[in-house]
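Content type mmCIF, C-alpha atoms, from the file data.cif:
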```
data_work
#
loop_
_atom_site.group_PDB
_atom_site.id
_atom_site.type_symbol
_atom_site.label_atom_id
_atom_site.label_comp_id
_atom_site.auth_asym_id
_atom_site.auth_seq_id
_atom_site.Cartn_x
_atom_site.Cartn_y
_atom_site.Cartn_z
ATOM 1 C CA LEU Q 1 43.761 -33.047 31.983
ATOM 2 C CA ARG Q 2 45.412 -30.548 34.304
ATOM 3 C CA ARG Q 3 48.677 -30.933 32.444
ATOM 4 C CA ARG Q 4 46.919 -30.219 29.130
ATOM 5 C CA ARG Q 5 45.225 -27.148 30.565
ATOM 6 C CA GLY Q 6 48.500 -25.969 32.017
ATOM 7 C CA ALA Q 7 50.284 -26.487 28.697
ATOM 8 C CA ARG Q 8 47.562 -24.576 26.841
ATOM 9 C CA PHE Q 9 47.675 -21.742 29.359
ATOM 10 C CA GLY Q 10 51.461 -21.630 29.111
ATOM 11 C CA GLY Q 11 51.224 -21.560 25.309
ATOM 12 C CA TRP Q 12 48.725 -18.700 25.326
ATOM 13 C CA LEU Q 13 50.831 -16.841 27.868
ATOM 14 C CA THR Q 14 53.929 -17.212 25.675
ATOM 15 C CA VAL Q 15 52.067 -16.050 22.566
ATOM 16 C CA THR Q 16 50.613 -13.066 24.441
ATOM 17 C CA PHE Q 17 54.022 -12.127 25.832
ATOM 18 C CA PHE Q 18 55.642 -12.005 22.385
ATOM 19 C CA LEU Q 19 52.668 -10.393 20.617
ATOM 20 C CA PHE Q 20 51.974 -7.691 23.182
ATOM 21 C CA PRO Q 21 54.738 -5.250 22.105
ATOM 22 C CA ALA Q 22 53.725 -5.555 18.441
ATOM 23 C CA LEU Q 23 50.040 -5.134 19.304
ATOM 24 C CA MET Q 24 50.803 -2.063 21.393
ATOM 25 C CA LEU Q 25 52.786 -0.478 18.570
ATOM 26 C CA PHE Q 26 50.022 -1.336 16.087
ATOM 27 C CA ALA Q 27 47.425 0.250 18.355
ATOM 28 C CA LEU Q 28 49.497 3.385 18.979
ATOM 29 C CA LEU Q 29 50.629 3.946 15.378
ATOM 30 C CA VAL Q 30 47.623 2.647 13.426
ATOM 31 C CA LEU Q 31 44.384 2.095 15.349
ATOM 32 C CA ILE Q 32 44.433 5.189 17.572
ATOM 33 C CA PRO Q 33 45.338 7.585 14.670
ATOM 34 C CA ILE Q 34 42.457 6.112 12.627
ATOM 35 C CA VAL Q 35 40.014 6.678 15.500
ATOM 36 C CA VAL Q 36 41.300 10.243 16.029
ATOM 37 C CA ALA Q 37 41.016 11.013 12.297
ATOM 38 C CA VAL Q 38 37.446 9.731 12.154
ATOM 39 C CA TYR Q 39 36.511 11.699 15.285
ATOM 40 C CA THR Q 40 38.046 15.012 14.220
ATOM 41 C CA SER Q 41 36.577 14.702 10.696
ATOM 42 C CA LEU Q 42 33.197 15.401 12.325
ATOM 43 C CA PHE Q 43 34.336 18.855 13.489
ATOM 44 C CA ARG Q 44 35.232 22.182 11.921
ATOM 45 C CA TRP Q 45 38.701 22.230 13.456
ATOM 46 C CA GLY Q 46 41.861 24.133 12.637
ATOM 47 C CA GLY Q 47 44.256 21.695 14.290
ATOM 48 C CA PHE Q 48 44.913 23.686 17.477
ATOM 49 C CA GLY Q 49 43.312 22.892 20.793
ATOM 50 C CA ALA Q 50 40.476 20.459 21.335
ATOM 51 C CA PRO Q 51 37.876 20.200 18.548
ATOM 52 C CA GLU Q 52 34.628 21.838 19.699
ATOM 53 C CA ASN Q 53 32.611 22.907 16.634
ATOM 54 C CA PHE Q 54 30.762 19.667 15.842
ATOM 55 C CA ILE Q 55 29.296 19.621 12.314
ATOM 56 C CA GLY Q 56 28.594 15.923 11.793
ATOM 57 C CA LEU Q 57 28.996 14.732 8.202
ATOM 58 C CA GLU Q 58 29.234 18.223 6.721
ATOM 59 C CA ASN Q 59 32.903 17.772 5.839
ATOM 60 C CA PHE Q 60 32.079 14.634 3.858
ATOM 61 C CA GLN Q 61 29.174 16.362 2.078
ATOM 62 C CA ARG Q 62 31.504 19.197 1.138
ATOM 63 C CA LEU Q 63 34.098 16.689 0.030
ATOM 64 C CA PHE Q 64 31.968 15.080 -2.656
ATOM 65 C CA GLN Q 65 30.849 18.489 -3.921
ATOM 66 C CA ASP Q 66 34.431 19.719 -4.254
ATOM 67 C CA GLU Q 67 35.543 19.742 -7.911
ATOM 68 C CA VAL Q 68 39.193 19.444 -6.886
ATOM 69 C CA PHE Q 69 38.577 16.304 -4.834
ATOM 70 C CA LEU Q 70 36.386 14.782 -7.560
ATOM 71 C CA GLY Q 71 39.263 15.522 -9.939
ATOM 72 C CA ASP Q 72 41.607 13.761 -7.511
ATOM 73 C CA LEU Q 73 39.399 10.673 -7.723
ATOM 74 C CA TRP Q 74 39.485 10.753 -11.521
ATOM 75 C CA ARG Q 75 43.252 11.259 -11.667
ATOM 76 C CA GLY Q 76 43.804 8.465 -9.148
ATOM 77 C CA PHE Q 77 41.618 6.128 -11.193
ATOM 78 C CA LEU Q 78 43.503 7.086 -14.350
ATOM 79 C CA LEU Q 79 46.871 6.390 -12.727
ATOM 80 C CA ILE Q 80 45.605 2.998 -11.529
ATOM 81 C CA VAL Q 81 44.451 2.057 -15.034
ATOM 82 C CA LEU Q 82 47.729 3.208 -16.589
ATOM 83 C CA SER Q 83 49.737 1.294 -13.998
ATOM 84 C CA LEU Q 84 47.804 -1.930 -14.532
ATOM 85 C CA CYS Q 85 47.683 -1.675 -18.318
ATOM 86 C CA LEU Q 86 51.139 -0.255 -19.093
ATOM 87 C CA GLN Q 87 53.549 -0.323 -16.158
ATOM 88 C CA LEU Q 88 52.963 -3.909 -15.032
ATOM 89 C CA PRO Q 89 53.030 -5.467 -18.534
ATOM 90 C CA PHE Q 90 56.251 -3.551 -19.236
ATOM 91 C CA SER Q 91 57.743 -4.888 -15.985
ATOM 92 C CA LEU Q 92 56.706 -8.419 -16.916
ATOM 93 C CA ALA Q 93 58.239 -8.075 -20.391
ATOM 94 C CA MET Q 94 61.541 -6.918 -18.888
ATOM 95 C CA ALA Q 95 61.475 -9.797 -16.387
ATOM 96 C CA LEU Q 96 60.920 -12.302 -19.207
ATOM 97 C CA LEU Q 97 63.789 -10.744 -21.151
ATOM 98 C CA LEU Q 98 66.184 -10.821 -18.189
ATOM 99 C CA ASN Q 99 65.198 -14.396 -17.396
ATOM 100 C CA GLN Q 100 66.871 -15.459 -20.635
ATOM 101 C CA ARG Q 101 70.550 -16.253 -20.943
ATOM 102 C CA LEU Q 102 72.038 -12.869 -21.768
ATOM 103 C CA ARG Q 103 75.582 -11.647 -21.393
ATOM 104 C CA GLY Q 104 75.709 -9.242 -18.466
ATOM 105 C CA ARG Q 105 72.130 -9.902 -17.340
ATOM 106 C CA ALA Q 106 73.141 -9.542 -13.676
ATOM 107 C CA LEU Q 107 74.293 -6.001 -14.440
ATOM 108 C CA TYR Q 108 71.036 -5.251 -16.258
ATOM 109 C CA ARG Q 109 69.052 -6.448 -13.262
ATOM 110 C CA VAL Q 110 70.965 -4.141 -10.948
ATOM 111 C CA VAL Q 111 70.615 -1.170 -13.307
ATOM 112 C CA PHE Q 112 66.876 -1.659 -13.785
ATOM 113 C CA PHE Q 113 66.240 -2.172 -10.069
ATOM 114 C CA ALA Q 114 68.413 0.786 -9.000
ATOM 115 C CA PRO Q 115 65.704 3.490 -9.523
ATOM 116 C CA TYR Q 116 63.480 1.811 -6.947
ATOM 117 C CA VAL Q 117 66.255 2.126 -4.344
ATOM 118 C CA LEU Q 118 66.362 5.912 -4.789
ATOM 119 C CA SER Q 119 64.070 7.904 -2.544
ATOM 120 C CA GLU Q 120 61.043 9.597 -4.067
ATOM 121 C CA VAL Q 121 62.475 13.041 -3.282
ATOM 122 C CA ILE Q 122 65.767 12.334 -5.093
ATOM 123 C CA THR Q 123 63.829 10.947 -8.061
ATOM 124 C CA ALA Q 124 61.579 14.001 -8.134
ATOM 125 C CA VAL Q 125 64.491 16.461 -8.030
ATOM 126 C CA LEU Q 126 66.317 14.502 -10.749
ATOM 127 C CA PHE Q 127 63.386 14.566 -13.159
ATOM 128 C CA THR Q 128 62.566 18.176 -12.345
ATOM 129 C CA MET Q 129 65.995 19.013 -13.769
ATOM 130 C CA ILE Q 130 65.610 16.623 -16.722
ATOM 131 C CA PHE Q 131 62.247 18.110 -17.742
ATOM 132 C CA ASN Q 132 63.146 21.702 -16.963
ATOM 133 C CA PRO Q 133 61.617 23.707 -19.863
ATOM 134 C CA GLY Q 134 64.265 24.912 -22.287
ATOM 135 C CA GLU Q 135 67.273 23.948 -20.164
ATOM 136 C CA GLY Q 136 66.580 20.349 -19.225
ATOM 137 C CA LEU Q 137 67.998 17.233 -20.851
ATOM 138 C CA ALA Q 138 64.632 16.339 -22.408
ATOM 139 C CA ASP Q 139 64.263 19.628 -24.320
ATOM 140 C CA ARG Q 140 67.926 19.668 -25.322
ATOM 141 C CA THR Q 141 67.536 16.144 -26.706
ATOM 142 C CA LEU Q 142 64.503 17.232 -28.733
ATOM 143 C CA ASP Q 143 66.511 20.174 -30.084
ATOM 144 C CA ALA Q 144 69.376 17.881 -31.027
ATOM 145 C CA ILE Q 145 67.142 15.611 -33.125
ATOM 146 C CA GLY Q 146 65.271 18.476 -34.748
ATOM 147 C CA LEU Q 147 62.072 18.291 -32.693
ATOM 148 C CA GLY Q 148 62.600 21.392 -30.610
ATOM 149 C CA HIS Q 149 59.589 23.041 -32.270
ATOM 150 C CA LEU Q 150 57.237 20.654 -30.430
ATOM 151 C CA ASP Q 151 57.501 22.812 -27.305
ATOM 152 C CA ILE Q 152 56.287 20.115 -24.892
ATOM 153 C CA GLY Q 153 55.321 21.617 -21.559
ATOM 154 C CA TRP Q 154 56.238 18.498 -19.534
ATOM 155 C CA PHE Q 155 55.388 19.462 -15.919
ATOM 156 C CA ALA Q 156 54.466 23.053 -16.815
ATOM 157 C CA SER Q 157 51.382 22.218 -18.892
ATOM 158 C CA SER Q 158 48.129 20.810 -17.570
ATOM 159 C CA ASP Q 159 47.875 18.659 -20.718
ATOM 160 C CA THR Q 160 51.221 16.911 -20.301
ATOM 161 C CA VAL Q 161 51.932 16.922 -16.559
ATOM 162 C CA LEU Q 162 50.026 13.723 -15.751
ATOM 163 C CA PRO Q 163 51.517 11.617 -18.605
ATOM 164 C CA THR Q 164 54.983 12.897 -17.704
ATOM 165 C CA LEU Q 165 54.415 12.050 -14.047
ATOM 166 C CA PHE Q 166 53.332 8.566 -15.037
ATOM 167 C CA LEU Q 167 56.542 8.217 -17.040
ATOM 168 C CA VAL Q 168 58.524 9.113 -13.927
ATOM 169 C CA MET Q 169 56.460 6.705 -11.803
ATOM 170 C CA THR Q 170 57.119 3.908 -14.292
ATOM 171 C CA TRP Q 171 60.867 4.600 -14.250
ATOM 172 C CA LYS Q 172 60.811 4.621 -10.440
ATOM 173 C CA TYR Q 173 58.654 1.581 -9.697
ATOM 174 C CA PHE Q 174 58.889 -0.823 -12.619
ATOM 175 C CA GLY Q 175 62.121 -2.288 -11.220
ATOM 176 C CA PHE Q 176 60.338 -3.496 -8.095
ATOM 177 C CA HIS Q 177 57.672 -5.329 -10.080
ATOM 178 C CA MET Q 178 60.299 -6.657 -12.479
ATOM 179 C CA ILE Q 179 62.327 -8.194 -9.646
ATOM 180 C CA ILE Q 180 59.384 -9.998 -8.044
ATOM 181 C CA TYR Q 181 58.292 -11.274 -11.476
ATOM 182 C CA LEU Q 182 61.834 -12.441 -12.112
ATOM 183 C CA ALA Q 183 61.924 -14.264 -8.779
ATOM 184 C CA ALA Q 184 58.636 -15.979 -9.628
ATOM 185 C CA LEU Q 185 59.888 -16.937 -13.091
ATOM 186 C CA GLN Q 186 62.972 -18.561 -11.594
ATOM 187 C CA GLY Q 187 60.703 -20.551 -9.292
ATOM 188 C CA ILE Q 188 58.888 -22.222 -12.194
ATOM 189 C CA PRO Q 189 60.190 -25.793 -12.624
ATOM 190 C CA LYS Q 190 62.085 -26.207 -15.877
ATOM 191 C CA GLU Q 191 60.597 -29.666 -16.251
ATOM 192 C CA VAL Q 192 57.127 -28.184 -16.733
ATOM 193 C CA LEU Q 193 58.289 -25.930 -19.571
ATOM 194 C CA GLU Q 194 60.282 -28.760 -21.138
ATOM 195 C CA ALA Q 195 57.233 -31.043 -21.022
ATOM 196 C CA ALA Q 196 55.122 -28.404 -22.738
ATOM 197 C CA SER Q 197 57.818 -27.963 -25.380
ATOM 198 C CA ILE Q 198 57.948 -31.715 -26.015
ATOM 199 C CA ASP Q 199 54.157 -31.686 -26.432
ATOM 200 C CA GLY Q 200 54.613 -29.227 -29.270
ATOM 201 C CA ALA Q 201 53.795 -25.949 -27.530
ATOM 202 C CA GLY Q 202 55.559 -22.948 -29.014
ATOM 203 C CA ALA Q 203 56.999 -20.028 -27.074
ATOM 204 C CA TRP Q 204 53.707 -18.091 -26.994
ATOM 205 C CA ARG Q 205 51.620 -21.108 -25.971
ATOM 206 C CA ARG Q 206 54.119 -22.003 -23.226
ATOM 207 C CA PHE Q 207 53.869 -18.462 -21.919
ATOM 208 C CA ARG Q 208 50.083 -18.289 -22.219
ATOM 209 C CA HIS Q 209 49.186 -21.692 -20.795
ATOM 210 C CA VAL Q 210 52.116 -22.504 -18.485
ATOM 211 C CA THR Q 211 54.145 -19.479 -17.414
ATOM 212 C CA LEU Q 212 51.309 -16.972 -16.980
ATOM 213 C CA PRO Q 213 49.089 -19.217 -14.801
ATOM 214 C CA LEU Q 214 52.056 -20.106 -12.583
ATOM 215 C CA LEU Q 215 52.820 -16.390 -12.231
ATOM 216 C CA GLY Q 216 49.219 -15.736 -11.120
ATOM 217 C CA PRO Q 217 49.852 -15.227 -7.369
ATOM 218 C CA THR Q 218 52.767 -12.877 -8.034
ATOM 219 C CA LEU Q 219 50.802 -10.903 -10.636
ATOM 220 C CA ARG Q 220 47.904 -10.482 -8.229
ATOM 221 C CA ILE Q 221 50.162 -9.241 -5.425
ATOM 222 C CA SER Q 222 51.872 -6.845 -7.836
ATOM 223 C CA ALA Q 223 48.541 -5.439 -9.042
ATOM 224 C CA PHE Q 224 47.355 -5.012 -5.456
ATOM 225 C CA LEU Q 225 50.454 -3.041 -4.460
ATOM 226 C CA SER Q 226 50.224 -0.919 -7.600
ATOM 227 C CA VAL Q 227 46.634 0.100 -6.817
ATOM 228 C CA ILE Q 228 47.362 0.924 -3.170
ATOM 229 C CA TRP Q 229 50.433 2.967 -4.102
ATOM 230 C CA SER Q 230 48.430 4.912 -6.690
ATOM 231 C CA ILE Q 231 45.745 5.749 -4.123
ATOM 232 C CA GLN Q 232 48.306 6.997 -1.597
ATOM 233 C CA LEU Q 233 50.655 8.767 -4.032
ATOM 234 C CA PHE Q 234 52.093 11.922 -2.487
ATOM 235 C CA ASP Q 235 55.798 12.721 -2.151
ATOM 236 C CA LEU Q 236 56.866 12.148 -5.763
ATOM 237 C CA VAL Q 237 54.097 14.381 -7.123
ATOM 238 C CA TYR Q 238 54.409 16.980 -4.384
ATOM 239 C CA VAL Q 239 58.103 17.619 -4.990
ATOM 240 C CA ILE Q 240 57.777 17.630 -8.787
ATOM 241 C CA SER Q 241 54.645 19.699 -9.362
ATOM 242 C CA GLY Q 242 52.979 20.354 -6.029
ATOM 243 C CA GLY Q 243 49.742 19.188 -7.629
ATOM 244 C CA GLY Q 244 49.798 21.865 -10.323
ATOM 245 C CA PRO Q 245 49.457 23.452 -12.699
ATOM 246 C CA VAL Q 246 45.857 24.333 -11.732
ATOM 247 C CA HIS Q 247 45.333 21.041 -9.838
ATOM 248 C CA ALA Q 248 46.136 19.044 -12.994
ATOM 249 C CA SER Q 249 48.374 16.571 -11.132
ATOM 250 C CA GLU Q 250 46.847 16.821 -7.666
ATOM 251 C CA THR Q 251 46.124 13.615 -5.733
ATOM 252 C CA MET Q 252 43.972 12.959 -2.669
ATOM 253 C CA ALA Q 253 47.046 12.950 -0.432
ATOM 254 C CA ILE Q 254 48.200 16.326 -1.743
ATOM 255 C CA THR Q 255 44.729 17.842 -1.292
ATOM 256 C CA MET Q 256 44.691 16.500 2.271
ATOM 257 C CA PHE Q 257 48.093 18.068 2.951
ATOM 258 C CA GLU Q 258 47.074 21.401 1.434
ATOM 259 C CA TYR Q 259 43.935 21.731 3.563
ATOM 260 C CA GLY Q 260 45.467 20.352 6.730
ATOM 261 C CA PHE Q 261 48.878 22.023 6.906
ATOM 262 C CA LYS Q 262 48.514 25.119 4.712
ATOM 263 C CA ARG Q 263 44.903 26.178 5.159
ATOM 264 C CA TYR Q 264 44.573 24.809 8.704
ATOM 265 C CA GLN Q 265 41.296 23.054 7.956
ATOM 266 C CA MET Q 266 42.302 19.913 9.792
ATOM 267 C CA GLY Q 267 38.782 18.545 10.138
ATOM 268 C CA TYR Q 268 38.261 18.661 6.394
ATOM 269 C CA ALA Q 269 41.724 17.201 5.776
ATOM 270 C CA ASN Q 270 40.946 14.326 8.140
ATOM 271 C CA ALA Q 271 37.734 13.698 6.211
ATOM 272 C CA ILE Q 272 39.887 13.242 3.105
ATOM 273 C CA SER Q 273 42.178 10.868 5.003
ATOM 274 C CA VAL Q 274 39.154 8.847 6.165
ATOM 275 C CA VAL Q 275 37.915 8.542 2.578
ATOM 276 C CA MET Q 276 41.390 7.426 1.447
ATOM 277 C CA PHE Q 277 41.468 4.835 4.220
ATOM 278 C CA VAL Q 278 37.986 3.563 3.365
ATOM 279 C CA PHE Q 279 38.862 3.254 -0.333
ATOM 280 C CA SER Q 280 42.073 1.351 0.463
ATOM 281 C CA PHE Q 281 40.446 -0.838 3.123
ATOM 282 C CA VAL Q 282 37.383 -1.755 1.067
ATOM 283 C CA PHE Q 283 39.519 -2.463 -1.998
ATOM 284 C CA ALA Q 284 41.840 -4.656 0.084
ATOM 285 C CA LEU Q 285 38.917 -6.610 1.549
ATOM 286 C CA PHE Q 286 37.277 -7.238 -1.827
ATOM 287 C CA TYR Q 287 40.605 -8.023 -3.475
ATOM 288 C CA MET Q 288 41.558 -10.537 -0.792
ATOM 289 C CA ARG Q 289 38.077 -12.053 -0.809
ATOM 290 C CA TYR Q 290 37.492 -12.417 -4.536
ATOM 291 C CA VAL Q 291 40.819 -12.073 -6.367
ATOM 292 C CA MET Q 292 43.358 -13.633 -4.004
ATOM 293 C CA ARG Q 293 40.975 -16.168 -2.521
ATOM 294 C CA ARG Q 294 42.777 -19.197 -3.948
ATOM 295 C CA ASP Q 295 46.216 -17.851 -2.977
ATOM 296 C CA THR Q 296 45.280 -17.177 0.660
ATOM 297 C CA ALA Q 297 43.372 -20.480 0.948
ATOM 298 C CA GLY Q 298 46.442 -22.333 -0.292
ATOM 299 C CA ALA Q 299 48.661 -20.522 2.221
ATOM 300 C CA VAL Q 300 46.304 -21.370 5.104
ATOM 301 C CA THR Q 301 46.064 -24.989 3.991
ATOM 302 C CA SER Q 302 49.835 -25.280 3.758
ATOM 303 C CA ALA Q 303 50.283 -23.732 7.183
ATOM 304 C CA GLY Q 304 47.671 -26.084 8.660
ATOM 305 C CA GLY Q 305 49.359 -29.084 7.071
ATOM 306 C CA MET Q 306 52.634 -28.239 8.714
#
```
What do you get writing this file as structure tokens?
Amino acid sequence: LRRRRGARFGGWLTVTFFLFPALMLFALLVLIPIVVAVYTSLFRWGGFGAPENFIGLENFQRLFQDEVFLGDLWRGFLLIVLSLCLQLPFSLAMALLLNQRLRGRALYRVVFFAPYVLSEVITAVLFTMIFNPGEGLADRTLDAIGLGHLDIGWFASSDTVLPTLFLVMTWKYFGFHMIIYLAALQGIPKEVLEAASIDGAGAWRRFRHVTLPLLGPTLRISAFLSVIWSIQLFDLVYVISGGGPVHASETMAITMFEYGFKRYQMGYANAISVVMFVFSFVFALFYMRYVMRRDTAGAVTSAGGM
């Protein structure tokens, strides 16, 4: 009995020893900043000195009466819907195409994944030049094919800035989703597809009833990441449009930055950050609980069986 207790104590001591540095970093870089943000969001504070002007939930009341922030919520929701309905299906279609036997498919994979490797700032600067009104590659191409009269505003018009930004986001991020779909496709046993083919299933039925269900865990992870990235979108939009024109492309992160570091309303900016965190956290909890329930249960069962 003493030996068992000693072994257990030694095991816990070993686990604690190896986890302690990671837990300390997590507390310093994640937990403490969250607590500080929640605390300072209850003050009217400019970011200098200790917060003293306590106003309770006034920042949050102001937040949900602010037309700009309500617009941020709508634009974020729109980007999420577009990502789920357009970007991810496009990524899946490209993965299915590149999973076939094509000449030079390794090169295509590298080319399509390359945009994701570029930083958001480089991507933003590149497309700022491409969509530069009158002088950019996009307008010159329209002129060359006789469509120069369309006069598309791209990033300069409040009507076109969000669709154009989504086009840039798709170019930037679809390669990531494509690669993880491609990895999942290559993990599907060929015997399963061959059995379905022998049973008389055509290409569409094999995809619908065999491939798609087996891709389920990967699709759910991809959708989760896409939603979280859309909620936290900042650097790509900030460099391209700065949230303009007239807040037409502004996101919650940009509004937070504007109030915190340009208007020195740090308490209000922290209220925005708290709302962003709550949205992301609640979505993650519900998604893990109801959407990825089978995936996580399978992982826990497999780990327990080992």
- request: Identify which of the residues Q:Ala269, Q:Ala95, Q:Ile231, Q:Val282 lies closest to Ala37 of chain Q, counting only C-alpha atoms when measuring atom-to-atom distances.
  value: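 So, comparing all the options, the nearest one is Q:Ala269.
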Separation of atom CA of Phe90 of chain Q from atom CA of Arg109 of chain Q, in Å and rounded to one decimal: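 Calculated distance between atom CA of Phe90 of chain Q and atom CA of Arg109 of chain Q is 14.4 Å.
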message: Running the PyMOL selection byres ((chain Q and resi 29-36) around 12) on this model by hand, what would come out? Give it as a list in words.
response: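 Expected selection for the PyMOL selection byres ((chain Q and resi 29-36) around 12) here is Ala22, Leu23, Met24, Leu25, Phe26, Ala27, Leu28, Ala37, Val38, Tyr39, Thr40, Ser41, Leu42, Phe43, Gly47, Ala50, Pro51, Met266, Gly267, Asn270, Ala271, Ser273, Val274, Val275, Met276, Phe277, Val278 and Phe281 of chain Q.
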Put those residues in a file: C-alpha atoms, as an mmCIF file, in the frame of the given file.
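Below is the file selection.cif, written as the result:
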```cif
data_model
loop_
_atom_site.group_PDB
_atom_site.id
_atom_site.type_symbol
_atom_site.label_atom_id
_atom_site.label_comp_id
_atom_site.auth_asym_id
_atom_site.auth_seq_id
_atom_site.Cartn_x
_atom_site.Cartn_y
_atom_site.Cartn_z
ATOM 1 C CA ALA Q 22 53.725 -5.555 18.441
ATOM 2 C CA LEU Q 23 50.040 -5.134 19.304
ATOM 3 C CA MET Q 24 50.803 -2.063 21.393
ATOM 4 C CA LEU Q 25 52.786 -0.478 18.570
ATOM 5 C CA PHE Q 26 50.022 -1.336 16.087
ATOM 6 C CA ALA Q 27 47.425 0.250 18.355
ATOM 7 C CA LEU Q 28 49.497 3.385 18.979
ATOM 8 C CA ALA Q 37 41.016 11.013 12.297
ATOM 9 C CA VAL Q 38 37.446 9.731 12.154
ATOM 10 C CA TYR Q 39 36.511 11.699 15.285
ATOM 11 C CA THR Q 40 38.046 15.012 14.220
ATOM 12 C CA SER Q 41 36.577 14.702 10.696
ATOM 13 C CA LEU Q 42 33.197 15.401 12.325
ATOM 14 C CA PHE Q 43 34.336 18.855 13.489
ATOM 15 C CA GLY Q 47 44.256 21.695 14.290
ATOM 16 C CA ALA Q 50 40.476 20.459 21.335
ATOM 17 C CA PRO Q 51 37.876 20.200 18.548
ATOM 18 C CA MET Q 266 42.302 19.913 9.792
ATOM 19 C CA GLY Q 267 38.782 18.545 10.138
ATOM 20 C CA ASN Q 270 40.946 14.326 8.140
ATOM 21 C CA ALA Q 271 37.734 13.698 6.211
ATOM 22 C CA SER Q 273 42.178 10.868 5.003
ATOM 23 C CA VAL Q 274 39.154 8.847 6.165
ATOM 24 C CA VAL Q 275 37.915 8.542 2.578
ATOM 25 C CA MET Q 276 41.390 7.426 1.447
ATOM 26 C CA PHE Q 277 41.468 4.835 4.220
ATOM 27 C CA VAL Q 278 37.986 3.563 3.365
ATOM 28 C CA PHE Q 281 40.446 -0.838 3.123
#
```
task: Please evaluate the PyMOL selection byres ((chain Q and resi 199-211) around 12) against the displayed coordinates and give the resulting residues as a PyMOL selection string.
output: chain Q and resi 92-93+96+181-182+184-198+212-219
Let me see the file: selected residues, C-alpha atoms, as a PDB file, in the frame of the given file.
```pdb
ATOM      1  CA  LEU Q  92      56.706  -8.419 -16.916  1.00  0.00           C
ATOM      2  CA  ALA Q  93      58.239  -8.075 -20.391  1.00  0.00           C
ATOM      3  CA  LEU Q  96      60.920 -12.302 -19.207  1.00  0.00           C
ATOM      4  CA  TYR Q 181      58.292 -11.274 -11.476  1.00  0.00           C
ATOM      5  CA  LEU Q 182      61.834 -12.441 -12.112  1.00  0.00           C
ATOM      6  CA  ALA Q 184      58.636 -15.979  -9.628  1.00  0.00           C
ATOM      7  CA  LEU Q 185      59.888 -16.937 -13.091  1.00  0.00           C
ATOM      8  CA  GLN Q 186      62.972 -18.561 -11.594  1.00  0.00           C
ATOM      9  CA  GLY Q 187      60.703 -20.551  -9.292  1.00  0.00           C
ATOM     10  CA  ILE Q 188      58.888 -22.222 -12.194  1.00  0.00           C
ATOM     11  CA  PRO Q 189      60.190 -25.793 -12.624  1.00  0.00           C
ATOM     12  CA  LYS Q 190      62.085 -26.207 -15.877  1.00  0.00           C
ATOM     13  CA  GLU Q 191      60.597 -29.666 -16.251  1.00  0.00           C
ATOM     14  CA  VAL Q 192      57.127 -28.184 -16.733  1.00  0.00           C
ATOM     15  CA  LEU Q 193      58.289 -25.930 -19.571  1.00  0.00           C
ATOM     16  CA  GLU Q 194      60.282 -28.760 -21.138  1.00  0.00           C
ATOM     17  CA  ALA Q 195      57.233 -31.043 -21.022  1.00  0.00           C
ATOM     18  CA  ALA Q 196      55.122 -28.404 -22.738  1.00  0.00           C
ATOM     19  CA  SER Q 197      57.818 -27.963 -25.380  1.00  0.00           C
ATOM     20  CA  ILE Q 198      57.948 -31.715 -26.015  1.00  0.00           C
ATOM     21  CA  LEU Q 212      51.309 -16.972 -16.980  1.00  0.00           C
ATOM     22  CA  PRO Q 213      49.089 -19.217 -14.801  1.00  0.00           C
ATOM     23  CA  LEU Q 214      52.056 -20.106 -12.583  1.00  0.00           C
ATOM     24  CA  LEU Q 215      52.820 -16.390 -12.231  1.00  0.00           C
ATOM     25  CA  GLY Q 216      49.219 -15.736 -11.120  1.00  0.00           C
ATOM     26  CA  PRO Q 217      49.852 -15.227  -7.369  1.00  0.00           C
ATOM     27  CA  THR Q 218      52.767 -12.877  -8.034  1.00  0.00           C
ATOM     28  CA  LEU Q 219      50.802 -10.903 -10.636  1.00  0.00           C
TER      29      LEU Q 219
END
```
query: Restricting the calculation to all atoms listed in the file, which member of Q:Trp74, Q:Phe155, Q:Thr16, Q:Arg293 is positioned closest to Asn132 of chain Q?
result: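 Of the candidates, the smallest distance to Asn132 of chain Q is held by Q:Phe155.
Here atom CA of Pro115 of chain Q is placed at a distance of 11.9 Å from atom CA of Phe127 of chain Q.
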field: Pairwise distance for atom CA of Ala106 of chain Q and atom CA of Ala124 of chain Q, rounded to one decimal in Å
entry: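 Here the two named atoms are 26.8 Å from each other.
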Skipping near chain neighbours, those fewer than 2 positions away, what residues fall within 8 Å of Trp154 of chain Q using only C-alpha atoms, listed as an mmCIF file with C-alpha atoms, keeping the file's coordinate frame?
```
data_model
loop_
_atom_site.group_PDB
_atom_site.id
_atom_site.type_symbol
_atom_site.label_atom_id
_atom_site.label_comp_id
_atom_site.auth_asym_id
_atom_site.auth_seq_id
_atom_site.Cartn_x
_atom_site.Cartn_y
_atom_site.Cartn_z
ATOM 1 C CA PHE Q 131 62.247 18.110 -17.742
ATOM 2 C CA PRO Q 133 61.617 23.707 -19.863
ATOM 3 C CA ILE Q 152 56.287 20.115 -24.892
ATOM 4 C CA ALA Q 156 54.466 23.053 -16.815
ATOM 5 C CA SER Q 157 51.382 22.218 -18.892
ATOM 6 C CA THR Q 160 51.221 16.911 -20.301
ATOM 7 C CA VAL Q 161 51.932 16.922 -16.559
ATOM 8 C CA THR Q 164 54.983 12.897 -17.704
#
```
field: Using all atoms listed in the file: which of Q:Val125, Q:Leu98, Q:Met252, Q:Ala144 has the shortest distance to Met178 of chain Q
entry: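 The answer is Q:Leu98, which sits nearest to Met178 of chain Q.
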query: Applied to this file, what does the PyMOL selection byres ((chain Q and resi 173) around 10) return in terms of residues, put as a PyMOL selection string?
result: chain Q and resi 83+87-88+91+112-117+168-172+174-178+226
field: Best match for closeness to Arg75 of chain Q among Q:Glu52, Q:Arg8, Q:Gln100, Q:Ser230, counting only C-alpha atoms
entry: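 Going through Q:Glu52, Q:Arg8, Q:Gln100, Q:Ser230 one by one, the smallest distance to Arg75 of chain Q is for Q:Ser230.
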